[in-house]
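This is protein_35.txt (compact mmCIF, C-alpha atoms and all ligand atoms).
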# COMPACT_ATOMS: atom_id res chain seq x y z
CA MET E 1 96.53 -20.97 114.93
CA THR E 2 99.76 -19.93 116.67
CA THR E 3 101.25 -23.36 117.44
CA ARG E 4 105.05 -23.71 117.23
CA PHE E 5 105.91 -26.93 115.45
CA ARG E 6 108.75 -29.30 116.30
CA HIS E 7 109.48 -30.45 112.74
CA ARG E 8 110.79 -27.95 110.23
CA LEU E 9 108.88 -27.80 106.95
CA VAL E 10 111.33 -27.88 104.04
CA HIS E 11 110.07 -29.04 100.65
CA PRO E 12 112.62 -30.45 98.21
CA PRO E 13 112.32 -29.16 94.61
CA GLU E 14 109.18 -30.34 92.90
CA TRP E 15 109.29 -33.38 90.62
CA PRO E 16 110.51 -33.93 87.93
CA VAL E 17 114.10 -33.91 89.14
CA TYR E 18 116.89 -35.23 86.92
CA THR E 19 120.23 -36.78 87.84
CA GLU E 20 123.44 -35.10 86.68
CA ARG E 21 124.00 -38.10 84.47
CA ALA E 22 120.67 -37.58 82.68
CA GLN E 23 121.47 -33.88 82.29
CA ARG E 24 124.92 -34.70 80.82
CA GLU E 25 123.40 -37.20 78.42
CA THR E 26 120.81 -34.73 77.11
CA ALA E 27 123.51 -32.04 76.78
CA ARG E 28 125.58 -34.51 74.74
CA LEU E 29 122.63 -35.17 72.42
CA VAL E 30 122.01 -31.44 72.00
CA GLY E 31 125.72 -30.98 71.20
CA ARG E 32 125.35 -33.54 68.39
CA GLY E 33 122.17 -31.90 67.06
CA ARG E 34 120.22 -35.02 67.98
CA THR E 35 117.12 -33.11 69.02
CA PHE E 36 114.71 -35.16 66.88
CA ASP E 37 114.50 -38.68 65.52
CA TYR E 38 112.35 -39.54 62.50
CA GLY E 39 113.46 -43.15 62.77
CA HIS E 40 113.83 -45.65 65.59
CA GLY E 41 117.12 -44.74 67.21
CA PRO E 42 118.61 -46.12 70.45
CA GLU E 43 116.94 -43.63 72.82
CA ILE E 44 113.42 -44.39 71.55
CA SER E 45 113.94 -48.12 71.20
CA ARG E 46 115.42 -48.44 74.72
CA LEU E 47 112.47 -46.57 76.23
CA GLU E 48 109.98 -48.70 74.30
CA GLU E 49 111.74 -51.92 75.33
CA THR E 50 111.70 -50.86 78.98
CA MET E 51 107.99 -49.98 78.95
CA ALA E 52 107.13 -53.20 77.09
CA ARG E 53 109.04 -55.18 79.74
CA LEU E 54 107.41 -53.25 82.60
CA THR E 55 103.92 -54.08 81.33
CA GLY E 56 104.63 -57.52 79.89
CA ARG E 57 103.38 -56.42 76.47
CA PRO E 58 105.12 -57.29 73.19
CA HIS E 59 104.54 -53.94 71.45
CA CYS E 60 105.25 -50.40 72.57
CA LEU E 61 105.20 -47.09 70.71
CA ALA E 62 106.62 -43.87 72.12
CA VAL E 63 104.75 -40.65 71.26
CA ASN E 64 104.92 -37.04 72.34
CA SER E 65 102.32 -37.09 75.15
CA GLY E 66 99.88 -39.24 77.06
CA THR E 67 97.08 -37.48 75.19
CA SER E 68 98.64 -38.46 71.84
CA ALA E 69 99.01 -42.02 73.11
CA LEU E 70 95.29 -42.11 74.00
CA TYR E 71 94.26 -40.66 70.63
CA SER E 72 96.52 -43.16 68.83
CA ALA E 73 95.16 -46.06 70.87
CA TYR E 74 91.52 -45.22 70.14
CA PHE E 75 92.33 -44.61 66.47
CA ALA E 76 94.37 -47.79 66.06
CA LEU E 77 91.66 -49.87 67.72
CA GLY E 78 89.23 -48.58 65.09
CA ILE E 79 86.96 -46.62 67.41
CA GLY E 80 84.95 -44.27 65.23
CA PRO E 81 81.77 -42.29 64.63
CA GLY E 82 78.85 -43.32 66.81
CA ASP E 83 80.80 -45.82 68.91
CA GLU E 84 80.00 -45.47 72.59
CA VAL E 85 82.93 -45.76 74.95
CA LEU E 86 82.39 -46.16 78.71
CA VAL E 87 84.85 -43.94 80.57
CA PRO E 88 85.24 -42.64 84.14
CA THR E 89 83.90 -39.24 85.10
CA LEU E 90 86.80 -39.05 87.58
CA THR E 91 89.85 -38.83 85.35
CA PHE E 92 91.98 -36.33 83.46
CA PRO E 93 90.00 -34.78 80.55
CA THR E 94 92.22 -36.24 77.84
CA THR E 95 91.37 -39.79 78.81
CA VAL E 96 88.09 -38.83 77.15
CA THR E 97 88.46 -35.85 74.82
CA PRO E 98 90.36 -37.66 72.01
CA LEU E 99 87.21 -39.74 71.52
CA LEU E 100 85.45 -36.56 70.39
CA LEU E 101 88.02 -36.09 67.62
CA LEU E 102 87.10 -39.54 66.34
CA GLY E 103 83.34 -38.85 66.43
CA ALA E 104 82.87 -41.44 69.17
CA VAL E 105 80.48 -40.90 72.08
CA PRO E 106 82.04 -40.90 75.55
CA VAL E 107 79.70 -42.25 78.21
CA LEU E 108 80.74 -40.98 81.64
CA CYS E 109 80.48 -43.53 84.45
CA ASP E 110 80.43 -43.03 88.21
CA ALA E 111 83.13 -44.03 90.66
CA GLY E 112 82.54 -47.40 92.25
CA ASP E 113 85.35 -47.76 94.79
CA ALA E 114 86.86 -45.61 97.52
CA HIS E 115 89.68 -44.54 95.18
CA GLY E 116 87.38 -43.00 92.60
CA ASN E 117 87.85 -45.79 90.08
CA VAL E 118 85.06 -47.18 87.95
CA THR E 119 84.03 -50.77 88.69
CA ALA E 120 82.19 -53.36 86.64
CA ASP E 121 79.08 -52.39 88.63
CA THR E 122 79.28 -48.71 87.65
CA LEU E 123 80.07 -49.54 84.01
CA ARG E 124 77.43 -52.22 83.42
CA PRO E 125 74.28 -50.01 83.59
CA HIS E 126 75.59 -47.94 80.66
CA LEU E 127 75.97 -50.81 78.19
CA THR E 128 73.92 -50.40 75.01
CA PRO E 129 74.04 -52.13 71.62
CA ARG E 130 76.30 -49.25 70.50
CA THR E 131 78.90 -49.75 73.24
CA ARG E 132 82.22 -50.54 71.60
CA ALA E 133 84.83 -50.16 74.32
CA ILE E 134 85.62 -49.57 77.96
CA GLY E 135 88.33 -47.11 78.99
CA VAL E 136 89.53 -47.16 82.60
CA THR E 137 91.96 -44.95 84.50
CA HIS E 138 93.96 -46.30 87.43
CA LEU E 139 93.27 -43.10 89.32
CA TRP E 140 96.16 -41.68 91.37
CA GLY E 141 97.94 -45.02 90.82
CA HIS E 142 95.49 -47.27 92.65
CA PRO E 143 94.56 -50.09 90.26
CA VAL E 144 91.00 -50.56 89.08
CA ASP E 145 89.49 -53.90 90.20
CA MET E 146 90.39 -55.38 86.82
CA ASP E 147 89.15 -58.99 86.95
CA PRO E 148 85.42 -58.09 86.83
CA VAL E 149 86.09 -55.32 84.27
CA VAL E 150 88.03 -57.69 82.00
CA GLU E 151 85.19 -60.21 82.35
CA LEU E 152 82.58 -57.52 81.52
CA ALA E 153 84.53 -56.53 78.40
CA ARG E 154 85.02 -60.15 77.34
CA ALA E 155 81.39 -61.15 77.91
CA ASN E 156 80.16 -58.21 75.81
CA GLY E 157 82.79 -58.32 73.06
CA LEU E 158 84.18 -54.88 74.03
CA LEU E 159 87.62 -53.41 73.54
CA LEU E 160 89.43 -52.48 76.75
CA ILE E 161 91.82 -49.54 77.12
CA GLU E 162 93.77 -48.70 80.29
CA ASP E 163 94.96 -45.19 81.05
CA CYS E 164 97.98 -45.84 83.29
CA SER E 165 99.22 -42.26 83.34
CA HIS E 166 99.09 -42.20 87.16
CA ALA E 167 100.16 -45.78 87.62
CA HIS E 168 103.80 -46.34 86.76
CA GLY E 169 104.81 -49.41 88.76
CA SER E 170 101.27 -50.21 90.00
CA THR E 171 100.22 -53.85 90.13
CA TYR E 172 96.89 -55.68 90.45
CA ARG E 173 96.98 -59.21 91.90
CA GLY E 174 100.70 -59.35 91.14
CA ARG E 175 100.35 -58.24 87.51
CA PRO E 176 101.46 -54.83 86.26
CA VAL E 177 98.76 -52.44 85.11
CA GLY E 178 98.91 -51.87 81.38
CA GLY E 179 98.87 -55.61 80.83
CA PHE E 180 95.11 -56.15 80.89
CA GLY E 181 93.64 -54.32 77.92
CA ASP E 182 93.78 -54.24 74.13
CA ALA E 183 95.88 -51.10 74.59
CA ALA E 184 97.26 -49.18 77.52
CA VAL E 185 98.84 -45.75 77.68
CA PHE E 186 101.17 -44.00 80.06
CA SER E 187 101.82 -40.28 80.06
CA LEU E 188 105.52 -39.60 80.44
CA GLY E 189 105.07 -35.86 80.77
CA GLY E 190 104.83 -33.02 83.27
CA VAL E 191 105.00 -34.10 86.89
CA LYS E 192 104.37 -37.78 86.17
CA THR E 193 106.51 -40.28 88.06
CA VAL E 194 108.33 -41.11 84.83
CA SER E 195 108.70 -37.84 82.97
CA GLY E 196 110.56 -36.70 79.90
CA GLY E 197 108.85 -33.32 80.13
CA MET E 198 106.65 -34.28 77.19
CA GLY E 199 106.06 -37.87 76.25
CA GLY E 200 103.83 -40.90 76.34
CA VAL E 201 103.70 -44.53 75.31
CA LEU E 202 101.12 -46.95 74.02
CA VAL E 203 101.55 -50.66 74.77
CA THR E 204 99.46 -53.39 73.19
CA PRO E 205 99.33 -57.14 72.71
CA HIS E 206 98.18 -56.61 69.09
CA ARG E 207 100.69 -56.11 66.29
CA ARG E 208 98.11 -54.44 64.06
CA VAL E 209 97.27 -51.84 66.74
CA HIS E 210 100.98 -51.08 67.07
CA GLU E 211 101.36 -50.71 63.32
CA MET E 212 98.24 -48.57 62.88
CA ALA E 213 99.38 -46.30 65.71
CA SER E 214 102.82 -46.07 64.12
CA LEU E 215 101.28 -45.03 60.79
CA LEU E 216 99.15 -42.39 62.50
CA THR E 217 101.98 -40.90 64.54
CA ALA E 218 105.10 -41.31 62.40
CA PHE E 219 105.23 -41.43 58.61
CA ARG E 220 108.25 -42.71 56.64
CA GLN E 221 111.39 -43.75 58.57
CA ARG E 222 109.79 -44.88 61.84
CA SER E 223 106.90 -46.62 60.15
CA ARG E 224 109.29 -48.21 57.66
CA ALA E 225 111.07 -49.74 60.67
CA THR E 226 107.82 -50.87 62.33
CA VAL E 227 105.07 -51.64 59.83
CA GLU E 228 105.18 -55.13 58.25
CA ASP E 229 101.53 -55.92 57.44
CA PRO E 230 101.31 -55.93 53.60
CA ALA E 231 97.85 -54.31 53.90
CA LEU E 232 99.43 -51.33 55.68
CA THR E 233 102.87 -50.91 54.08
CA PRO E 234 101.49 -48.88 51.11
CA TYR E 235 100.71 -46.08 53.60
CA ILE E 236 104.19 -45.78 55.08
CA GLY E 237 105.16 -42.91 52.78
CA THR E 238 102.26 -40.68 53.75
CA GLY E 239 101.35 -41.94 57.19
CA LEU E 240 97.76 -41.48 58.31
CA GLY E 241 97.67 -37.82 59.18
CA ALA E 242 99.66 -36.91 62.28
CA ASN E 243 103.23 -36.44 63.48
CA LEU E 244 103.28 -37.25 67.18
CA ARG E 245 106.87 -38.45 67.65
CA MET E 246 108.67 -38.33 70.96
CA SER E 247 111.94 -36.41 71.11
CA PRO E 248 115.09 -38.43 71.91
CA LEU E 249 115.87 -35.84 74.60
CA ALA E 250 112.57 -36.61 76.31
CA CYS E 251 113.29 -40.34 75.95
CA VAL E 252 116.61 -40.00 77.76
CA LEU E 253 115.02 -38.01 80.60
CA ALA E 254 112.12 -40.45 80.99
CA GLN E 255 114.52 -43.38 80.83
CA SER E 256 116.51 -41.95 83.74
CA HIS E 257 113.35 -42.15 85.89
CA LEU E 258 112.60 -45.67 84.68
CA ASP E 259 116.14 -46.73 85.59
CA ASP E 260 115.48 -45.39 89.11
CA LEU E 261 111.87 -46.59 89.38
CA ASP E 262 112.40 -49.22 92.07
CA ARG E 263 113.97 -46.67 94.42
CA LEU E 264 111.21 -44.16 93.67
CA LEU E 265 108.52 -46.75 94.41
CA ARG E 266 110.19 -47.64 97.73
CA ALA E 267 110.53 -44.00 98.75
CA LYS E 268 106.92 -43.10 97.94
CA ALA E 269 105.59 -46.25 99.63
CA GLY E 270 107.76 -45.65 102.72
CA ASN E 271 106.62 -42.04 103.02
CA PHE E 272 103.00 -43.00 102.63
CA ARG E 273 103.20 -45.80 105.22
CA ARG E 274 104.90 -43.45 107.69
CA LEU E 275 102.22 -40.80 107.18
CA GLU E 276 99.50 -43.42 107.55
CA SER E 277 100.91 -44.62 110.87
CA LEU E 278 101.47 -41.07 112.17
CA LEU E 279 97.86 -40.18 111.36
CA ALA E 280 96.42 -43.45 112.70
CA ASP E 281 94.94 -41.68 115.73
CA CYS E 282 94.02 -38.46 113.94
CA PRO E 283 90.24 -38.39 113.57
CA ASP E 284 88.35 -37.05 110.55
CA LEU E 285 91.26 -36.80 108.09
CA VAL E 286 91.98 -40.25 106.80
CA PRO E 287 94.57 -41.43 104.25
CA LEU E 288 92.99 -43.58 101.52
CA THR E 289 93.93 -47.18 102.20
CA THR E 290 95.11 -49.71 99.63
CA ASP E 291 92.79 -52.54 98.60
CA PRO E 292 94.00 -56.13 99.13
CA GLY E 293 95.94 -57.46 96.13
CA CYS E 294 96.69 -53.95 94.89
CA ASP E 295 99.96 -52.03 94.85
CA PRO E 296 99.57 -48.35 93.94
CA GLY E 297 103.14 -48.21 92.65
CA ALA E 298 104.58 -44.72 92.65
CA ARG E 299 101.40 -43.19 94.12
CA TYR E 300 101.08 -40.33 91.68
CA GLY E 301 98.46 -38.86 93.98
CA LEU E 302 98.25 -39.05 97.77
CA HIS E 303 94.91 -38.10 99.25
CA LEU E 304 93.27 -37.67 102.61
CA ALA E 305 89.50 -37.96 102.97
CA VAL E 306 87.73 -35.43 105.16
CA THR E 307 85.20 -37.39 107.23
CA GLY E 308 83.38 -37.51 110.58
CA ALA E 309 83.11 -34.24 112.47
CA LEU E 310 84.83 -32.36 109.63
CA GLU E 311 82.60 -33.76 106.86
CA GLY E 312 81.56 -31.06 104.38
CA ARG E 313 84.38 -28.74 105.52
CA ARG E 314 87.04 -29.79 102.98
CA ASP E 315 87.77 -26.30 101.68
CA GLU E 316 88.01 -24.92 105.20
CA VAL E 317 90.41 -27.72 106.17
CA VAL E 318 92.54 -27.03 103.09
CA ALA E 319 92.73 -23.33 103.95
CA ALA E 320 93.75 -24.08 107.55
CA LEU E 321 96.42 -26.57 106.46
CA ARG E 322 97.80 -24.17 103.87
CA ALA E 323 98.03 -21.48 106.56
CA THR E 324 100.62 -23.70 108.30
CA GLY E 325 102.70 -23.89 105.10
CA LEU E 326 101.51 -27.28 103.82
CA LYS E 327 101.25 -27.58 100.04
CA VAL E 328 97.82 -29.22 100.03
CA ARG E 329 94.85 -28.48 97.77
CA PRO E 330 91.63 -29.99 96.46
CA PRO E 331 92.56 -32.62 93.87
CA THR E 332 93.04 -31.36 90.34
CA THR E 333 90.36 -32.14 87.74
CA ALA E 334 86.88 -32.28 89.20
CA PRO E 335 84.52 -34.99 87.88
CA LEU E 336 84.15 -34.42 84.15
CA HIS E 337 80.35 -34.32 84.24
CA ARG E 338 80.67 -30.96 86.02
CA ASP E 339 82.75 -29.57 83.18
CA PRO E 340 81.04 -27.37 80.58
CA LEU E 341 82.38 -29.53 77.74
CA PHE E 342 80.58 -32.58 79.08
CA ALA E 343 77.64 -30.92 80.79
CA SER E 344 76.54 -28.81 77.84
CA GLY E 345 78.89 -29.31 74.88
CA PRO E 346 81.59 -26.93 73.67
CA PRO E 347 80.81 -23.21 73.64
CA GLY E 348 79.16 -22.42 70.35
CA GLY E 349 77.76 -25.94 70.14
CA TRP E 350 79.17 -29.09 68.64
CA ALA E 351 79.85 -27.28 65.36
CA LEU E 352 83.18 -26.33 66.98
CA HIS E 353 84.10 -29.99 66.99
CA PRO E 354 84.18 -31.10 63.37
CA GLY E 355 84.61 -34.75 64.36
CA VAL E 356 81.30 -34.75 66.20
CA ARG E 357 78.04 -34.39 64.37
CA PRO E 358 75.85 -31.59 65.75
CA GLY E 359 73.27 -32.90 68.15
CA ARG E 360 75.19 -35.98 69.20
CA PRO E 361 75.17 -35.90 72.98
CA VAL E 362 77.85 -36.77 75.44
CA ARG E 363 76.08 -39.16 77.78
CA PRO E 364 75.21 -38.92 80.60
CA ALA E 365 76.06 -35.59 82.14
CA GLY E 366 75.14 -37.03 85.52
CA PRO E 367 74.24 -37.65 88.20
CA HIS E 368 77.41 -39.37 89.41
CA PRO E 369 76.93 -39.05 93.17
CA ARG E 370 79.83 -41.24 94.32
CA ALA E 371 82.37 -39.35 92.22
CA ASP E 372 80.98 -36.03 93.47
CA ALA E 373 81.06 -37.12 97.11
CA LEU E 374 84.60 -38.49 96.88
CA TRP E 375 86.03 -35.49 95.05
CA ASP E 376 84.34 -33.06 97.44
CA SER E 377 85.89 -34.87 100.42
CA TRP E 378 89.48 -35.27 99.18
CA ILE E 379 92.57 -33.26 100.01
CA ALA E 380 95.60 -33.79 97.79
CA LEU E 381 99.01 -34.01 99.44
CA PRO E 382 102.01 -32.88 97.41
CA ALA E 383 103.13 -36.29 96.13
CA THR E 384 105.46 -34.42 93.77
CA HIS E 385 107.54 -33.36 96.79
CA LEU E 386 107.49 -36.76 98.52
CA TYR E 387 109.77 -38.70 96.16
CA GLU E 388 112.75 -38.95 98.52
CA GLU E 389 112.95 -41.01 101.66
CA ASN E 390 112.23 -37.92 103.64
CA SER E 391 110.85 -38.71 107.06
CA THR E 392 111.38 -35.12 108.24
CA LEU E 393 108.95 -33.81 105.63
CA VAL E 394 106.41 -36.53 106.42
CA ASP E 395 106.73 -35.82 110.14
CA ALA E 396 106.23 -32.09 109.53
CA TYR E 397 103.07 -32.82 107.54
CA ALA E 398 101.67 -35.24 110.15
CA GLU E 399 102.35 -32.81 112.98
CA ARG E 400 100.59 -29.90 111.27
CA ILE E 401 97.66 -32.03 110.05
CA THR E 402 97.06 -33.37 113.57
CA ALA E 403 97.18 -29.88 115.10
CA VAL E 404 94.85 -28.37 112.48
CA VAL E 405 92.30 -31.17 112.87
CA ALA E 406 92.28 -30.77 116.66
CA ASP E 407 91.85 -27.00 116.27
CA LEU E 408 89.03 -27.26 113.71
CA ARG E 409 87.15 -29.87 115.72
CA GLU E 410 86.93 -27.38 118.55
CA ARG E 411 85.59 -24.62 116.36
CA ALA E 412 82.09 -24.41 114.90
CA PRO E 413 81.90 -25.28 111.21
CA ALA E 414 81.90 -22.49 108.69
CA THR E 415 79.12 -22.82 106.10
CA PRO E 416 80.17 -25.81 103.97
CA THR E 417 80.91 -24.96 100.36
CA ARG E 418 81.23 -27.10 97.30
CA SER E 419 84.12 -26.15 95.04
CA GLY E 420 83.50 -26.04 91.32
CA ARG E 421 86.68 -27.03 89.51
C1 LIG O 1 95.05 -39.84 83.75
C2 LIG O 1 95.73 -39.00 82.71
N1 LIG O 1 95.61 -39.36 81.42
C3 LIG O 1 96.21 -38.66 80.45
C4 LIG O 1 96.96 -37.55 80.73
C5 LIG O 1 97.56 -36.77 79.61
O1 LIG O 1 98.94 -36.88 79.56
P1 LIG O 1 99.80 -35.76 78.83
O2 LIG O 1 99.78 -34.55 79.70
O3 LIG O 1 101.16 -36.39 78.73
O4 LIG O 1 99.18 -35.52 77.51
C6 LIG O 1 97.13 -37.14 82.05
C7 LIG O 1 97.94 -35.95 82.37
O5 LIG O 1 97.95 -35.44 83.47
C8 LIG O 1 96.50 -37.88 83.07
O6 LIG O 1 96.60 -37.51 84.36

What would you get if you wrote out this structure as structure tokens?
Ligand SMILES: Cc1ncc(COP(=O)(O)O)c(C=O)c1O
Amino acid sequence: MTTRFRHRLVHPPEWPVYTERAQRETARLVGRGRTFDYGHGPEISRLEETMARLTGRPHCLAVNSGTSALYSAYFALGIGPGDEVLVPTLTFPTTVTPLLLLGAVPVLCDAGDAHGNVTADTLRPHLTPRTRAIGVTHLWGHPVDMDPVVELARANGLLLIEDCSHAHGSTYRGRPVGGFGDAAVFSLGGVKTVSGGMGGVLVTPHRRVHEMASLLTAFRQRSRATVEDPALTPYIGTGLGANLRMSPLACVLAQSHLDDLDRLLRAKAGNFRRLESLLADCPDLVPLTTDPGCDPGARYGLHLAVTGALEGRRDEVVAALRATGLKVRPPTTAPLHRDPLFASGPPGGWALHPGVRPGRPVRPAGPHPRADALWDSWIALPATHLYEENSTLVDAYAERITAVVADLRERAPATPTRSGR
């Protein structure tokens, strides 16, 4: 395509971006040698207080990644060998993989809504007498329809865990995500909306879960400050086997994003609404809408669905958009049931995973047709470049998307392909 475009395409640096103040504060900590904290110093406690307030939960524990937070949550809730845990097939792998370390059996469930989230209806068919817990991910920041899921968990005596790693600032029926389950985790790492580079938190309404997670992740000083249950205090000196502490430097960086969260949420929402209205008349490439009563917060992921005349041509559309300079791609992390780990077990068999007894299956490898169809139709926009109120960038995207769609609709389809991962 040789079109000349009106709007210049200039991407700001990719997220995470840190204010000068945050950079000065971390430099000051480095200057004082405060690069670790075995205890519960002001950087960690401020971050934990902020995340507890954001989710309305009384207890929060900072750890060194979202993955560590998930492992700690499952461990502290007592999930163990043979326990079946219903989890989404559309999620990041580490929502699920820590369960393998505990000898639990992840049960992959299909997407039930247009955002790729599980619903009570896609979870329910997988209940068995061995089901112990439900884990949900608020995928790309759009909340799961929680009321029926909470009811399903309650009616069946199941634990409920929320993975909110995409959903900083998201709300469901006016309540923040992270406030529905027995434990919720947020990654505070990488390109997440709130990022300390590496980091994560666990929030919970249960003091015992908080204390067990503290013992797992931080022996001695931190657990001495946190653990009060007389049944658990004897283990403070040794801890329970891991050291997963968050660095105070990472806390300061993540805190700087939390302090700016309202502005970030406004900017992302404004950009998305503008794109939605600019593409309102663009056929076949449709932004995912927001369900009533839901606020997708900082919109960790922004996706367009390829539909209508372009259906089945996602990879061709991506290639054509990229040729105009747009930073679009298929979404990261294909449905987990397509992944070798879940489809056939680790290479070399389960013996590679000492926590899992040989022969214990991951159930079910599939089919999960809704998750497949959604993932095969989505195009990810670069949400990590859309964090400023930046109408020029949005306009440049809308202009190129509209032109590419018009061009492709005129041309015969190439043979549709299905991407792997
Ligand atoms: C949904 C989800 N859960 C968990 C994680 C893991 O977080 P971390 O990278 O901080 O370990 C990620 C990371 O991308 C994620 O997207």

Glu228 of chain E surroundings by all atoms listed in the file, 8 Å radius, close-in-sequence under 4 positions cut, as JSON, numbers by chain: {"E": [211, 232, 233]}

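Shell of Leu278 of chain E at 12 Å, with all atoms listed in the file counted and residues fewer than 4 places along the chain excluded, is E:Asn271, E:Phe272, E:Arg273, E:Arg274, E:Cys282, E:Pro283, E:Leu285, E:Val286, E:Pro287, E:Ser391, E:Val394, E:Asp395, E:Ala396, E:Tyr397, E:Ala398, E:Glu399, E:Arg400, E:Ile401, E:Thr402.
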
Per residue of segment 237-298 of chain E within 9 Å of segment 173-182 of chain E, what are the shortest atom pair and its distance in Å to one decimal, counting all atoms listed in the file, with rows by chain and residue number, as a tab-separated table?
residue	atom	partner	partner_atom	distance
E:Pro292	CA	E:Arg173	CA	8.4
E:Gly293	CA	E:Arg173	CA	4.7
E:Cys294	CA	E:Arg173	CA	6.1
E:Asp295	CA	E:Gly174	CA	8.2

What are the closest atom pairs, with distances in Å to one decimal, for each residue of chain E lying within 9 Å of ligand LIG 1 (chain O), using only C-alpha atoms and all ligand atoms, rows by chain and rising residue number, as JSON lines?
{"residue": "E:Asn64", "atom": "CA", "partner": "O:LIG1", "partner_atom": "O3", "distance": 7.4}
{"residue": "E:Ser65", "atom": "CA", "partner": "O:LIG1", "partner_atom": "O3", "distance": 3.8}
{"residue": "E:Gly66", "atom": "CA", "partner": "O:LIG1", "partner_atom": "O3", "distance": 3.5}
{"residue": "E:Thr67", "atom": "CA", "partner": "O:LIG1", "partner_atom": "O4", "distance": 3.7}
{"residue": "E:Ser68", "atom": "CA", "partner": "O:LIG1", "partner_atom": "O4", "distance": 6.4}
{"residue": "E:Ala69", "atom": "CA", "partner": "O:LIG1", "partner_atom": "O4", "distance": 7.9}
{"residue": "E:Leu70", "atom": "CA", "partner": "O:LIG1", "partner_atom": "C3", "distance": 7.4}
{"residue": "E:Thr91", "atom": "CA", "partner": "O:LIG1", "partner_atom": "C1", "distance": 5.5}
{"residue": "E:Phe92", "atom": "CA", "partner": "O:LIG1", "partner_atom": "C2", "distance": 4.7}
{"residue": "E:Pro93", "atom": "CA", "partner": "O:LIG1", "partner_atom": "N1", "distance": 7.3}
{"residue": "E:Thr94", "atom": "CA", "partner": "O:LIG1", "partner_atom": "C3", "distance": 5.3}
{"residue": "E:Thr95", "atom": "CA", "partner": "O:LIG1", "partner_atom": "N1", "distance": 5.0}
{"residue": "E:Val96", "atom": "CA", "partner": "O:LIG1", "partner_atom": "N1", "distance": 8.7}
{"residue": "E:Thr137", "atom": "CA", "partner": "O:LIG1", "partner_atom": "C1", "distance": 6.0}
{"residue": "E:His138", "atom": "CA", "partner": "O:LIG1", "partner_atom": "C1", "distance": 7.5}
{"residue": "E:Leu139", "atom": "CA", "partner": "O:LIG1", "partner_atom": "C1", "distance": 6.7}
{"residue": "E:Trp140", "atom": "CA", "partner": "O:LIG1", "partner_atom": "C1", "distance": 7.9}
{"residue": "E:Asp163", "atom": "CA", "partner": "O:LIG1", "partner_atom": "N1", "distance": 5.9}
{"residue": "E:Cys164", "atom": "CA", "partner": "O:LIG1", "partner_atom": "C1", "distance": 6.7}
{"residue": "E:Ser165", "atom": "CA", "partner": "O:LIG1", "partner_atom": "C2", "distance": 4.8}
{"residue": "E:His166", "atom": "CA", "partner": "O:LIG1", "partner_atom": "C1", "distance": 5.8}
{"residue": "E:Ala167", "atom": "CA", "partner": "O:LIG1", "partner_atom": "C1", "distance": 8.7}
{"residue": "E:Val185", "atom": "CA", "partner": "O:LIG1", "partner_atom": "C3", "distance": 8.1}
{"residue": "E:Phe186", "atom": "CA", "partner": "O:LIG1", "partner_atom": "C3", "distance": 7.3}
{"residue": "E:Ser187", "atom": "CA", "partner": "O:LIG1", "partner_atom": "O3", "distance": 4.2}
{"residue": "E:Leu188", "atom": "CA", "partner": "O:LIG1", "partner_atom": "O3", "distance": 5.7}
{"residue": "E:Gly189", "atom": "CA", "partner": "O:LIG1", "partner_atom": "O3", "distance": 4.4}
{"residue": "E:Gly190", "atom": "CA", "partner": "O:LIG1", "partner_atom": "O2", "distance": 6.4}
{"residue": "E:Val191", "atom": "CA", "partner": "O:LIG1", "partner_atom": "O5", "distance": 7.9}
{"residue": "E:Lys192", "atom": "CA", "partner": "O:LIG1", "partner_atom": "O5", "distance": 7.3}
{"residue": "E:Ser195", "atom": "CA", "partner": "O:LIG1", "partner_atom": "O3", "distance": 8.8}
{"residue": "E:Gly197", "atom": "CA", "partner": "O:LIG1", "partner_atom": "O3", "distance": 8.4}
{"residue": "E:Met198", "atom": "CA", "partner": "O:LIG1", "partner_atom": "O3", "distance": 6.1}
{"residue": "E:Gly199", "atom": "CA", "partner": "O:LIG1", "partner_atom": "O3", "distance": 5.7}
{"residue": "E:Gly200", "atom": "CA", "partner": "O:LIG1", "partner_atom": "O3", "distance": 5.8}
{"residue": "E:Thr333", "atom": "CA", "partner": "O:LIG1", "partner_atom": "O6", "distance": 8.9}

The selected residues should be written to file as a short mmCIF file (atom, residue, chain, number, x, y, z; two decimals), in the coordinates of the input (atoms: C-alpha atoms).
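Dumped everything to result_13.cif:
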data_model
loop_
_atom_site.label_atom_id
_atom_site.label_comp_id
_atom_site.auth_asym_id
_atom_site.auth_seq_id
_atom_site.Cartn_x
_atom_site.Cartn_y
_atom_site.Cartn_z
CA ASN E 64 104.92 -37.04 72.34
CA SER E 65 102.32 -37.09 75.15
CA GLY E 66 99.88 -39.24 77.06
CA THR E 67 97.08 -37.48 75.19
CA SER E 68 98.64 -38.46 71.84
CA ALA E 69 99.01 -42.02 73.11
CA LEU E 70 95.29 -42.11 74.00
CA THR E 91 89.85 -38.83 85.35
CA PHE E 92 91.98 -36.33 83.46
CA PRO E 93 90.00 -34.78 80.55
CA THR E 94 92.22 -36.24 77.84
CA THR E 95 91.37 -39.79 78.81
CA VAL E 96 88.09 -38.83 77.15
CA THR E 137 91.96 -44.95 84.50
CA HIS E 138 93.96 -46.30 87.43
CA LEU E 139 93.27 -43.10 89.32
CA TRP E 140 96.16 -41.68 91.37
CA ASP E 163 94.96 -45.19 81.05
CA CYS E 164 97.98 -45.84 83.29
CA SER E 165 99.22 -42.26 83.34
CA HIS E 166 99.09 -42.20 87.16
CA ALA E 167 100.16 -45.78 87.62
CA VAL E 185 98.84 -45.75 77.68
CA PHE E 186 101.17 -44.00 80.06
CA SER E 187 101.82 -40.28 80.06
CA LEU E 188 105.52 -39.60 80.44
CA GLY E 189 105.07 -35.86 80.77
CA GLY E 190 104.83 -33.02 83.27
CA VAL E 191 105.00 -34.10 86.89
CA LYS E 192 104.37 -37.78 86.17
CA SER E 195 108.70 -37.84 82.97
CA GLY E 197 108.85 -33.32 80.13
CA MET E 198 106.65 -34.28 77.19
CA GLY E 199 106.06 -37.87 76.25
CA GLY E 200 103.83 -40.90 76.34
CA THR E 333 90.36 -32.14 87.74
#
